[in-house]
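A.B. asks: I am sharing data_34.txt, which consists of compact mmCIF, C-alpha atoms:
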# COMPACT_ATOMS: atom_id res chain seq x y z
CA GLU J 130 -6.44 17.57 -5.70
CA GLU J 131 -3.39 18.43 -3.69
CA VAL J 132 0.23 17.93 -4.57
CA GLY J 133 3.20 18.46 -2.31
CA GLN J 134 6.89 17.89 -2.23
CA ASN J 135 8.15 16.75 1.07
CA ASP J 136 11.21 15.90 2.95
CA SER J 137 11.70 15.73 6.67
CA VAL J 138 15.04 14.98 8.20
CA ARG J 139 14.77 12.26 10.79
CA PRO J 140 17.50 10.54 12.80
CA LEU J 141 17.47 7.45 10.65
CA ASP J 142 17.78 9.49 7.49
CA ARG J 143 20.97 11.11 8.68
CA VAL J 144 22.60 7.71 8.74
CA GLU J 145 21.74 7.40 5.08
CA ALA J 146 22.96 10.86 4.29
CA ARG J 147 26.43 9.98 5.58
CA ASN J 148 26.77 7.36 2.90
CA PHE J 149 26.62 9.90 0.14
CA PRO J 150 27.68 10.51 -2.54
CA PRO J 151 25.45 7.73 -3.88
CA ARG J 152 26.77 5.41 -6.52
CA TRP J 153 26.36 6.36 -10.13
CA GLY J 154 26.63 4.57 -13.39
CA THR J 155 26.95 1.03 -12.11
CA GLN J 156 23.69 0.27 -13.82
CA LYS J 157 22.98 0.69 -17.52
CA ASN J 158 19.87 2.65 -18.37
CA LEU J 159 19.38 3.93 -14.87
CA ILE J 160 16.50 6.05 -15.98
CA GLY J 161 14.15 3.66 -17.72
CA GLU J 162 14.90 1.40 -20.59
CA SER J 163 12.40 2.40 -23.20
CA ASP J 164 11.78 5.54 -25.20
CA ASP J 165 8.22 4.51 -25.94
CA ASP J 166 5.91 7.21 -24.61
CA LEU J 167 3.29 4.70 -23.63
CA ASP J 168 5.50 2.01 -22.12
CA ILE J 169 4.60 1.58 -18.49
CA SER J 170 6.14 -1.86 -18.01
CA THR J 171 8.42 -2.39 -15.02
CA PRO J 172 12.02 -1.40 -15.78
CA GLU J 173 14.82 -3.59 -14.43
CA THR J 174 16.08 -0.73 -12.27
CA GLU J 175 12.81 -0.66 -10.36
CA ARG J 176 12.51 -4.42 -10.20
CA ASN J 177 15.97 -4.72 -8.66
CA HIS J 178 16.29 -1.46 -6.76
CA VAL J 179 12.78 -0.83 -5.54
CA HIS J 180 10.60 -3.96 -5.54
CA ALA J 181 13.27 -6.47 -4.56
CA VAL J 182 14.72 -4.15 -1.93
CA TYR J 183 11.45 -3.54 -0.12
CA ASP J 184 10.70 -7.26 -0.22
CA ALA J 185 14.05 -7.94 1.43
CA ILE J 186 13.97 -5.17 4.05
CA ALA J 187 10.24 -5.34 4.89
CA THR J 188 10.68 -6.47 8.50
CA GLN J 189 13.31 -3.91 9.38
CA TRP J 190 11.43 -1.20 7.51
CA HIS J 191 8.33 -1.87 9.56
CA HIS J 192 10.25 -2.05 12.84
CA THR J 193 12.12 1.18 12.29
CA ARG J 194 9.98 3.45 10.09
CA GLY J 195 6.54 2.00 10.50
CA LYS J 196 6.31 1.15 14.16
CA ARG J 197 7.65 4.48 15.23
CA GLY J 198 4.86 6.04 13.20
CA VAL J 199 7.03 8.72 11.67
CA LEU J 200 4.57 10.32 9.27
CA TRP J 201 5.06 13.09 6.75
CA PRO J 202 3.18 16.04 8.27
CA GLY J 203 1.46 17.16 5.07
CA ALA J 204 -0.09 13.75 4.60
CA THR J 205 -1.25 13.63 8.22
CA ARG J 206 -2.88 17.07 7.96
CA PHE J 207 -4.61 15.98 4.75
CA LEU J 208 -6.01 12.86 6.42
CA GLN J 209 -7.20 14.74 9.48
CA GLN J 210 -9.41 16.91 7.28
CA LEU J 211 -11.31 14.07 5.66
CA PRO J 212 -15.04 13.85 6.32
CA LYS J 213 -16.07 10.92 8.51
CA GLY J 214 -17.02 7.85 6.53
CA SER J 215 -14.62 8.54 3.67
CA ILE J 216 -13.28 5.70 1.57
CA VAL J 217 -9.56 6.34 1.14
CA ALA J 218 -7.17 4.61 -1.25
CA ASP J 219 -3.60 4.46 0.07
CA VAL J 220 -1.58 3.65 -3.02
CA GLY J 221 1.87 2.36 -2.14
CA CYS J 222 0.82 1.97 1.49
CA GLY J 223 3.85 -0.09 2.53
CA ASP J 224 3.35 -1.31 6.09
CA GLY J 225 0.19 0.78 6.49
CA LYS J 226 1.58 3.46 8.73
CA TYR J 227 -1.06 5.98 7.64
CA PHE J 228 -3.91 3.61 8.40
CA PRO J 229 -4.33 4.61 12.08
CA ALA J 230 -4.70 8.28 11.12
CA ILE J 231 -7.47 7.34 8.68
CA TRP J 232 -9.26 4.95 11.00
CA GLU J 233 -9.26 7.40 13.90
CA GLU J 234 -10.91 9.96 11.61
CA GLY J 235 -13.78 7.51 11.18
CA SER J 236 -12.90 6.56 7.63
CA TYR J 237 -12.06 3.33 5.80
CA VAL J 238 -8.77 2.81 4.02
CA ILE J 239 -7.89 0.29 1.34
CA GLY J 240 -4.14 0.03 0.87
CA THR J 241 -2.26 -1.39 -2.07
CA ASP J 242 1.46 -2.02 -2.44
CA ILE J 243 3.72 -3.95 -4.78
CA SER J 244 5.53 -5.64 -1.90
CA GLU J 245 3.70 -8.57 -0.33
CA PRO J 246 6.17 -8.95 2.57
CA LEU J 247 5.74 -5.28 3.44
CA LEU J 248 1.93 -5.54 3.35
CA GLN J 249 2.05 -8.51 5.67
CA THR J 250 3.76 -6.39 8.33
CA SER J 251 0.66 -4.16 8.42
CA ILE J 252 -1.43 -6.93 9.95
CA GLY J 253 -2.06 -6.19 13.62
CA ALA J 254 0.62 -3.52 13.53
CA CYS J 255 -0.81 -1.10 16.05
CA ALA J 256 -1.06 -1.23 19.80
CA SER J 257 -4.45 -0.60 21.32
CA ALA J 258 -4.58 2.52 23.44
CA ASP J 259 -6.62 4.91 25.48
CA PRO J 260 -8.35 7.35 23.13
CA ALA J 261 -6.45 10.11 24.92
CA ASN J 262 -3.13 8.57 23.87
CA VAL J 263 -4.04 7.80 20.33
CA GLY J 264 -2.29 9.98 17.82
CA PRO J 265 -1.11 9.45 14.27
CA GLN J 266 2.54 9.58 15.28
CA ASN J 267 2.49 6.77 17.79
CA ARG J 268 0.92 3.99 15.75
CA GLN J 269 -1.83 3.29 18.25
CA VAL J 270 -5.51 2.82 17.71
CA SER J 271 -8.45 3.23 20.02
CA SER J 272 -10.34 0.11 21.06
CA SER J 273 -13.15 0.68 18.57
CA LYS J 274 -10.63 0.27 15.75
CA THR J 275 -8.98 -2.94 16.89
CA GLY J 276 -10.94 -4.96 14.35
CA LEU J 277 -9.58 -2.83 11.53
CA ASN J 278 -6.05 -3.00 12.92
CA ALA J 279 -6.15 -6.80 13.24
CA ARG J 280 -7.13 -7.16 9.62
CA PRO J 281 -6.29 -4.07 7.58
CA ALA J 282 -7.78 -3.91 4.08
CA VAL J 283 -4.81 -4.40 1.80
CA ALA J 284 -4.06 -5.96 -1.58
CA VAL J 285 -0.85 -6.66 -3.47
CA ALA J 286 -0.98 -4.48 -6.57
CA ASP J 287 1.05 -2.38 -8.96
CA CYS J 288 0.18 1.34 -8.91
CA MET J 289 0.14 1.16 -12.72
CA HIS J 290 -3.05 -0.90 -12.40
CA ILE J 291 -4.86 -0.09 -9.18
CA PRO J 292 -7.45 -2.86 -8.62
CA LEU J 293 -10.17 -0.50 -7.44
CA ARG J 294 -13.37 0.48 -9.24
CA SER J 295 -13.36 3.79 -11.04
CA LYS J 296 -14.65 6.76 -9.04
CA SER J 297 -15.21 4.54 -6.01
CA CYS J 298 -13.03 6.39 -3.48
CA ASP J 299 -13.55 9.72 -1.76
CA ALA J 300 -9.84 10.43 -1.50
CA ALA J 301 -6.43 8.96 -2.16
CA ILE J 302 -2.93 9.30 -0.81
CA CYS J 303 0.26 8.37 -2.60
CA ILE J 304 3.14 8.94 -0.24
CA ALA J 305 6.76 8.24 -1.08
CA VAL J 306 5.82 6.34 -4.23
CA MET J 307 6.32 8.76 -7.10
CA HIS J 308 10.02 9.01 -6.35
CA HIS J 309 10.43 5.31 -7.05
CA LEU J 310 9.03 5.59 -10.57
CA SER J 311 11.84 5.92 -13.06
CA THR J 312 10.12 7.08 -16.26
CA SER J 313 7.71 9.84 -17.24
CA PRO J 314 5.08 7.47 -18.68
CA ARG J 315 5.00 5.55 -15.38
CA ARG J 316 4.72 8.72 -13.31
CA ILE J 317 1.89 9.96 -15.49
CA ARG J 318 0.17 6.59 -15.38
CA CYS J 319 0.29 6.57 -11.58
CA LEU J 320 -1.38 9.99 -11.51
CA GLN J 321 -3.98 8.84 -14.05
CA GLU J 322 -4.79 5.80 -11.95
CA LEU J 323 -5.16 7.93 -8.83
CA SER J 324 -7.54 10.19 -10.73
CA ARG J 325 -9.49 7.22 -12.05
CA VAL J 326 -10.22 5.63 -8.68
CA VAL J 327 -11.19 8.86 -6.90
CA LYS J 328 -14.65 10.37 -7.37
CA LYS J 329 -15.11 13.69 -9.09
CA GLY J 330 -14.27 16.47 -6.64
CA GLY J 331 -12.32 14.09 -4.42
CA MET J 332 -8.91 15.01 -3.05
CA ILE J 333 -5.56 13.35 -3.69
CA ASN J 334 -2.38 13.93 -1.69
CA ILE J 335 0.93 13.08 -3.30
CA GLN J 336 4.31 13.40 -1.62
CA ALA J 337 7.76 12.66 -2.95
CA TRP J 338 11.35 13.59 -2.22
CA ALA J 339 12.54 16.95 -3.43
CA LEU J 340 15.87 17.56 -5.08
CA GLU J 341 16.43 20.88 -3.42
CA GLN J 342 16.90 20.65 0.30
CA GLU J 343 16.59 23.41 2.85
CA GLN J 344 19.66 25.45 3.53
CA GLY J 345 21.67 23.98 6.33
CA SER J 346 20.41 20.48 5.76
CA ARG J 347 23.12 17.81 5.89
CA ARG J 348 21.42 16.02 3.05
CA LYS J 349 22.71 16.64 -0.41
CA PHE J 350 21.60 14.71 -3.44
CA ALA J 351 24.18 14.37 -6.18
CA GLY J 352 21.61 14.43 -8.96
CA THR J 353 18.01 13.83 -9.92
CA ASP J 354 18.26 10.04 -10.19
CA VAL J 355 20.18 8.42 -7.40
CA PHE J 356 20.57 5.33 -5.32
CA VAL J 357 19.72 5.91 -1.69
CA PRO J 358 21.34 3.32 0.56
CA PHE J 359 19.39 1.35 3.11
CA ASN J 360 21.51 -0.31 5.76
CA ALA J 361 19.93 -3.60 6.67
CA GLN J 362 20.84 -5.44 9.81
CA PRO J 363 21.53 -9.10 9.02
CA ARG J 364 19.26 -10.31 11.83
CA TYR J 365 16.27 -8.98 9.87
CA LEU J 366 17.18 -10.74 6.64
CA ASP J 367 15.25 -14.00 6.49
CA LYS J 368 16.76 -15.29 3.29
CA VAL J 369 20.32 -15.57 4.52
CA GLN J 370 19.42 -17.19 7.80
CA THR J 371 17.63 -19.90 5.90
CA GLU J 372 20.42 -20.42 3.40
CA SER J 373 23.25 -20.40 5.91
CA LYS J 374 21.50 -23.13 7.83
CA GLN J 375 21.20 -25.17 4.69
CA SER J 376 24.73 -24.76 3.45
CA ALA J 377 26.63 -25.22 6.73
CA LYS J 378 28.19 -28.66 6.71
CA PRO J 379 30.64 -30.14 9.23
CA ASP J 380 33.11 -31.11 6.56
CA ASP J 381 33.24 -27.74 4.77
CA ASN J 382 36.68 -26.29 4.51
CA GLY J 383 35.33 -22.99 5.66
CA CYS J 384 32.07 -21.10 5.70
CA LYS J 385 31.19 -18.87 2.79
CA GLY J 386 32.39 -15.40 3.49
CA ALA J 387 29.63 -13.16 4.81
CA ALA J 388 29.98 -10.79 1.89
CA GLU J 389 29.51 -13.58 -0.61
CA MET J 390 26.60 -15.06 1.29
CA TYR J 391 24.63 -11.83 1.37
CA SER J 392 25.33 -10.84 -2.18
CA ASP J 393 24.30 -14.33 -3.31
CA ALA J 394 21.04 -14.18 -1.41
CA TYR J 395 20.26 -10.61 -2.32
CA ASP J 396 21.22 -9.67 -5.83
CA GLY J 397 23.02 -6.34 -5.81
CA ALA J 398 23.26 -5.95 -2.05
CA GLU J 399 26.69 -5.35 -0.58
CA TYR J 400 28.05 -6.37 2.77
CA ASP J 401 29.72 -3.60 4.74
CA GLU J 402 32.22 -5.61 6.76
CA ARG J 403 33.19 -2.80 9.05
CA LYS J 404 29.64 -2.06 10.15
CA GLY J 405 28.26 -5.57 9.75
CA LEU J 406 25.41 -4.24 7.66
CA VAL J 407 23.98 -5.31 4.32
CA VAL J 408 23.62 -2.27 2.12
CA PHE J 409 20.79 -2.13 -0.39
CA GLN J 410 20.58 0.62 -2.96
CA ARG J 411 17.09 2.03 -3.54
CA TYR J 412 16.41 3.84 -6.77
CA CYS J 413 14.95 7.32 -6.22
CA HIS J 414 14.07 10.14 -8.56
CA MET J 415 14.31 13.46 -6.77
CA TYR J 416 11.78 16.00 -8.01
CA LYS J 417 12.92 19.47 -8.93
CA GLU J 418 10.80 22.40 -7.87
CA GLY J 419 7.73 22.49 -10.09
CA GLU J 420 8.35 19.09 -11.63
CA LEU J 421 5.55 17.26 -9.87
CA GLU J 422 3.15 20.13 -10.52
CA ASN J 423 4.11 20.02 -14.17
CA LEU J 424 3.28 16.30 -14.36
CA VAL J 425 -0.08 16.82 -12.65
CA SER J 426 -0.93 19.64 -15.03
CA LYS J 427 -0.63 17.15 -17.93
CA ILE J 428 -3.66 15.33 -16.65
CA ASP J 429 -6.92 17.05 -17.54
CA SER J 430 -8.90 15.50 -14.75
CA LEU J 431 -6.54 16.72 -12.03
CA GLU J 432 -6.36 20.23 -10.70
CA ILE J 433 -3.74 21.42 -8.28
CA VAL J 434 -5.28 22.79 -5.12
CA ASP J 435 -2.13 23.26 -3.11
CA SER J 436 1.52 22.41 -3.45
CA GLY J 437 4.64 23.03 -1.50
CA PHE J 438 7.72 21.80 0.21
CA GLU J 439 8.26 20.69 3.76
CA MET W 50 -10.48 -9.64 2.92
CA ARG W 51 -13.75 -8.21 4.16
CA LEU W 52 -16.81 -7.98 1.97
CA LEU W 53 -16.60 -4.20 2.34
CA THR W 54 -13.16 -4.26 0.74
CA HIS W 55 -14.38 -6.59 -2.01
CA ASN W 56 -17.02 -3.98 -2.80
CA TYR W 57 -14.40 -1.58 -4.15
CA MET W 58 -12.24 -4.05 -6.02
CA GLN W 59 -12.01 -4.80 -9.67
CA SER W 60 -9.89 -6.88 -11.98
CA THR W 61 -7.49 -4.91 -14.18
CA VAL W 62 -6.69 -7.63 -16.71
CA LYS W 63 -6.49 -6.39 -20.31
CA GLY W 64 -9.77 -7.05 -22.03
CA THR W 65 -12.04 -6.70 -19.03
CA GLU W 66 -15.12 -4.65 -19.75
CA ARG W 67 -15.99 -4.01 -16.17
CA GLY W 68 -13.92 -6.32 -14.00
CA TYR W 69 -16.37 -6.41 -11.10
CA PRO W 70 -17.93 -7.78 -9.06
CA LEU W 71 -15.19 -10.35 -8.59
CA LYS W 72 -16.48 -13.80 -7.82
CA ILE W 73 -15.32 -15.16 -4.48
CA GLU W 74 -14.18 -18.77 -4.11
CA ALA W 75 -13.20 -18.99 -0.48
CA THR W 76 -11.40 -21.98 0.97
CA LYS W 77 -10.98 -20.46 4.44
CA ILE W 78 -13.39 -18.00 6.00
CA GLU W 79 -13.08 -16.56 9.48
CA PHE W 80 -15.65 -14.70 11.45
CA GLU W 81 -14.51 -12.09 13.92
CA ALA W 82 -16.97 -9.78 15.67
CA SER W 83 -15.79 -6.18 15.77
CA PRO W 84 -17.07 -3.05 17.55
CA PHE W 85 -20.29 -1.69 16.03
CA ASP W 86 -20.46 2.02 15.21
CA ALA W 87 -23.91 2.92 13.89
CA GLU W 88 -22.82 6.35 12.68
CA PHE W 89 -19.92 4.84 10.72
CA ILE W 90 -22.13 2.28 8.97
CA GLN W 91 -24.73 4.96 8.20
CA ALA W 92 -21.98 7.14 6.68
CA LEU W 93 -20.63 4.30 4.53
CA LEU W 94 -23.97 3.16 3.14
CA PRO W 95 -24.24 5.65 0.27
CA LYS W 96 -20.72 4.68 -0.77
CA ILE W 97 -21.16 0.97 -1.27
CA ASP W 98 -22.52 -0.85 -4.25
CA TYR W 99 -25.33 -2.71 -2.48
CA THR W 100 -25.91 -5.12 -5.35
CA THR W 101 -22.26 -6.16 -5.15
CA LEU W 102 -22.55 -6.61 -1.38
CA LEU W 103 -25.54 -8.93 -1.82
CA PHE W 104 -23.64 -10.79 -4.55
CA ALA W 105 -20.60 -11.23 -2.30
CA LEU W 106 -22.76 -12.43 0.58
CA LYS W 107 -24.39 -15.00 -1.66
CA GLN W 108 -20.97 -16.23 -2.83
CA ILE W 109 -19.81 -16.65 0.78
CA SER W 110 -22.98 -18.42 1.85
CA GLU W 111 -22.84 -20.80 -1.08
CA ASN W 112 -19.28 -22.06 -1.08
CA GLY W 113 -17.54 -23.89 1.74
CA ASN W 114 -18.11 -23.34 5.46
CA ALA W 115 -21.78 -24.17 5.29
CA ASP W 116 -22.10 -24.24 9.09
CA LEU W 117 -20.52 -20.82 9.42
CA ALA W 118 -23.01 -19.44 6.92
CA GLN W 119 -26.01 -20.82 8.73
CA THR W 120 -25.14 -19.85 12.26
CA ILE W 121 -23.55 -16.44 11.92
CA ILE W 122 -24.22 -14.74 8.67
CA PRO W 123 -27.36 -12.64 8.67
CA GLU W 124 -29.70 -12.28 5.74
CA LEU W 125 -29.92 -8.93 4.08
CA PRO W 126 -32.96 -7.38 2.38
CA GLU W 127 -33.00 -6.83 -1.38
CA SER W 128 -32.86 -3.09 -0.81
CA ILE W 129 -32.27 -0.77 2.10
CA LYS W 130 -35.18 1.29 3.39
CA GLU W 131 -34.55 4.60 5.05
CA ASP W 132 -36.96 6.43 7.31
CA GLY W 133 -38.11 10.02 6.74
CA GLU W 134 -34.77 11.38 7.95
CA GLY W 135 -32.66 9.11 5.76
CA GLU W 136 -31.79 6.91 8.71
CA VAL W 137 -31.71 3.15 8.60
CA ASP W 138 -33.18 0.94 11.33
CA GLU W 139 -30.47 0.00 13.87
CA ALA W 140 -31.14 -3.73 13.69
CA LEU W 141 -30.45 -3.60 9.96
CA LEU W 142 -27.34 -1.48 10.53
CA LYS W 143 -26.03 -4.21 12.84
CA LYS W 144 -26.62 -6.85 10.18
CA LEU W 145 -24.90 -4.68 7.61
CA HIS W 146 -21.96 -4.20 9.97
CA THR W 147 -21.63 -7.95 10.39
CA VAL W 148 -21.71 -8.61 6.67
CA MET W 149 -19.39 -5.72 5.72
CA PHE W 150 -16.84 -6.01 8.53
CA ASP W 151 -16.88 -9.36 10.30
CA ILE W 152 -16.67 -11.96 7.56
CA HIS W 153 -13.10 -12.48 6.39
CA VAL W 154 -11.98 -14.44 3.38
CA VAL W 155 -8.58 -15.55 4.62
CA GLU W 156 -7.74 -17.96 1.80
CA GLY W 157 -9.24 -18.54 -1.58
CA GLU W 158 -9.49 -16.86 -4.93
CA LEU W 159 -11.15 -13.89 -6.55
CA VAL W 160 -12.26 -14.49 -10.13
CA CYS W 161 -12.56 -11.82 -12.81
CA PRO W 162 -16.14 -11.93 -14.13
CA ASP W 163 -15.06 -11.08 -17.69
CA THR W 164 -11.84 -13.04 -18.25
CA GLY W 165 -12.02 -15.76 -15.60
CA ARG W 166 -8.56 -14.78 -14.37
CA ARG W 167 -8.04 -16.02 -10.81
CA PHE W 168 -6.41 -13.93 -8.10
CA ASN W 169 -5.07 -15.69 -5.04
CA ILE W 170 -5.94 -14.62 -1.49
CA LYS W 171 -3.44 -15.47 1.24
CA MET W 172 -3.52 -14.29 4.87
CA GLY W 173 -6.60 -12.28 3.90
CA ILE W 174 -4.60 -10.34 1.29
CA PRO W 175 -5.64 -10.63 -2.38
CA ASN W 176 -2.78 -10.61 -4.86
CA MET W 177 -3.81 -8.53 -7.85
CA ILE W 178 -0.43 -8.38 -9.57
CA LEU W 179 -0.72 -9.17 -13.26
CA HIS W 180 1.81 -10.93 -15.51
CA ALA W 181 3.32 -9.05 -18.42
CA ASP W 182 1.08 -10.77 -20.97
CA GLU W 183 -2.07 -9.73 -19.15
CA LEU W 184 -1.45 -6.03 -19.37
Output the structure of this file as structure tokens.

C.D. replies:
Amino acid sequence: EEVGQNDSVRPLDRVEARNFPPRWGTQKNLIGESDDDLDISTPETERNHVHAVYDAIATQWHHTRGKRGVLWPGATRFLQQLPKGSIVADVGCGDGKYFPAIWEEGSYVIGTDISEPLLQTSIGACASADPANVGPQNRQVSSSKTGLNARPAVAVADCMHIPLRSKSCDAAICIAVMHHLSTSPRRIRCLQELSRVVKKGGMINIQAWALEQEQGSRRKFAGTDVFVPFNAQPRYLDKVQTESKQSAKPDDNGCKGAAEMYSDAYDGAEYDERKGLVVFQRYCHMYKEGELENLVSKIDSLEIVDSGFE
Amino acid sequence: MRLLTHNYMQSTVKGTERGYPLKIEATKIEFEASPFDAEFIQALLPKIDYTTLLFALKQISENGNADLAQTIIPELPESIKEDGEGEVDEALLKKLHTVMFDIHVVEGELVCPDTGRRFNIKMGIPNMILHADEL
């Protein structure tokens, strides 16, 4: 099984980096709310700053990250080495942006994610293309895969309880998920679940944000547990459009201020008046060098094959 | 949800002994023919639980959409026979492709065989999220 730390600086990410330093201490118990070693229940921090955020930003996320097919290279390389006919679990698959890479390799992927709105954006997400033009980075599939693209195999599920039979998959990927888990028991549980669903000898690729960034990078994380802002454009936010239609009345003294409207509709989101953007704060745990490997080593059934930073 | 996907799924409710195969109670089934790749089906065969596939096919044929079942859904043999080289007859591969890939449960419910817990399917996506008291 393979473990890697990964970060790649992309244009969109630099916008986020400019909003640093991230906010601290506005939330009690930022790092999990229970000392119980075995407690894997969902902490409020994740409910509000991971699950709810992805539900709200699903459409924009898919349009900006997913459609452009910006994939983490390590994950792509891993998928391109799979034997044809592999059954791959994509745990925390989001909008399914790794699906085309798996399908084009002649394998079958079953994706799970906690966000139903995000999963729904994976349906029919790829354009059909000439085999010569198909590549993992451009979110296109060859004509023989259009059936898969039209109806990707996905299920809404928590990575703490992956709804797949034990030892049923040849491989698994878990990309950009581990950094959204706020406690050690939950991180370990995710790894245990990945091990459970993959057959003996099968490979697992895990990628998460690293604390240490390359020299010269503009990105600087203030600490191991941070909020990473996501700037949502109001036109993508369904909830407010619905509510503003409902509340607008001819005899109102004045419309609700935009800031109030957005923060009402989306608990914890803030309206940046100057930019006209709704800012969501996503909880992220940045992994120190060796930290992920250390977690994996706690699980008897997993063996590190390769690890690194990119 | 395709029957191929169903093949790998299980219920994770506390107290399940096995959690599969999930029963299928479909209220909306769609059939959509997709490109046939003999090599792909041949490669997948060792990886599916054939008994579960037959079970799922029976569930689909029995509930709702009786006309769909009769006109489109092929019958499958009780077991798959391979020739001397481990290859399966192409006609059978085509039937397997149809059953595994082209039948879609768009709306309905999956039912845990041990606890009876029902999981909703919407837009072809099963929702397997459990409530706190089920964990």

A.B. asks: What residues in chain J have any atom no more than 9 Å from chain W when counting all atoms listed in the file, and can you write them as number ranges by chain?

C.D. replies: J: 170, 213-216, 235-239, 243, 245, 248-249, 272-277, 280-287, 290-295, 297-299

A.B. asks: Work out how far apart CA of Tyr400 in chain J and CA of Ile186 in chain J are and give it in Å to one decimal.

C.D. replies: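 Straight-line distance from CA of Tyr400 in chain J to CA of Ile186 in chain J works out to 14.2 Å.
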
A.B. asks: Quick one: everything within 10 Å of range 103-111 of chain W, counting all atoms listed in the file, minus sequence neighbours fewer than 5 positions away in the same chain. Send it as a PyMOL selection string.

C.D. replies: chain W and resi 51-53+55-56+70-76+78+98+116-119+122-128+148-149+152-154

A.B. asks: Kindly give the distance, in Å, that separates CA of Leu310 in chain J and CA of Cys161 in chain W, rounded to a single decimal.

C.D. replies: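 Separation of CA of Leu310 in chain J and CA of Cys161 in chain W: 27.8 Å.
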
A.B. asks: Draw an axis-aligned box tight on the listed atoms of range 92-108 of chain W, then pad every side by 6 Å and write out centre and edge lengths in Å to one decimal as AutoDock Vina command-line options.

C.D. replies:
--center_x -23.3 --center_y -4.5 --center_z 0.7 --size_x 17.3 --size_y 35.4 --size_z 24.0

A.B. asks: Please compute the CA of Lys404 in chain J-CA of Phe359 in chain J distance, one decimal, in Å.

C.D. replies: 12.9 Å

A.B. asks: Nearest residue to Cys222 in chain J out of J:Leu323, J:Ala185, J:Ile428, J:Ile304, using only C-alpha atoms?

C.D. replies: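 Once distances to Cys222 in chain J are computed over only C-alpha atoms, the minimum belongs to J:Ile304.
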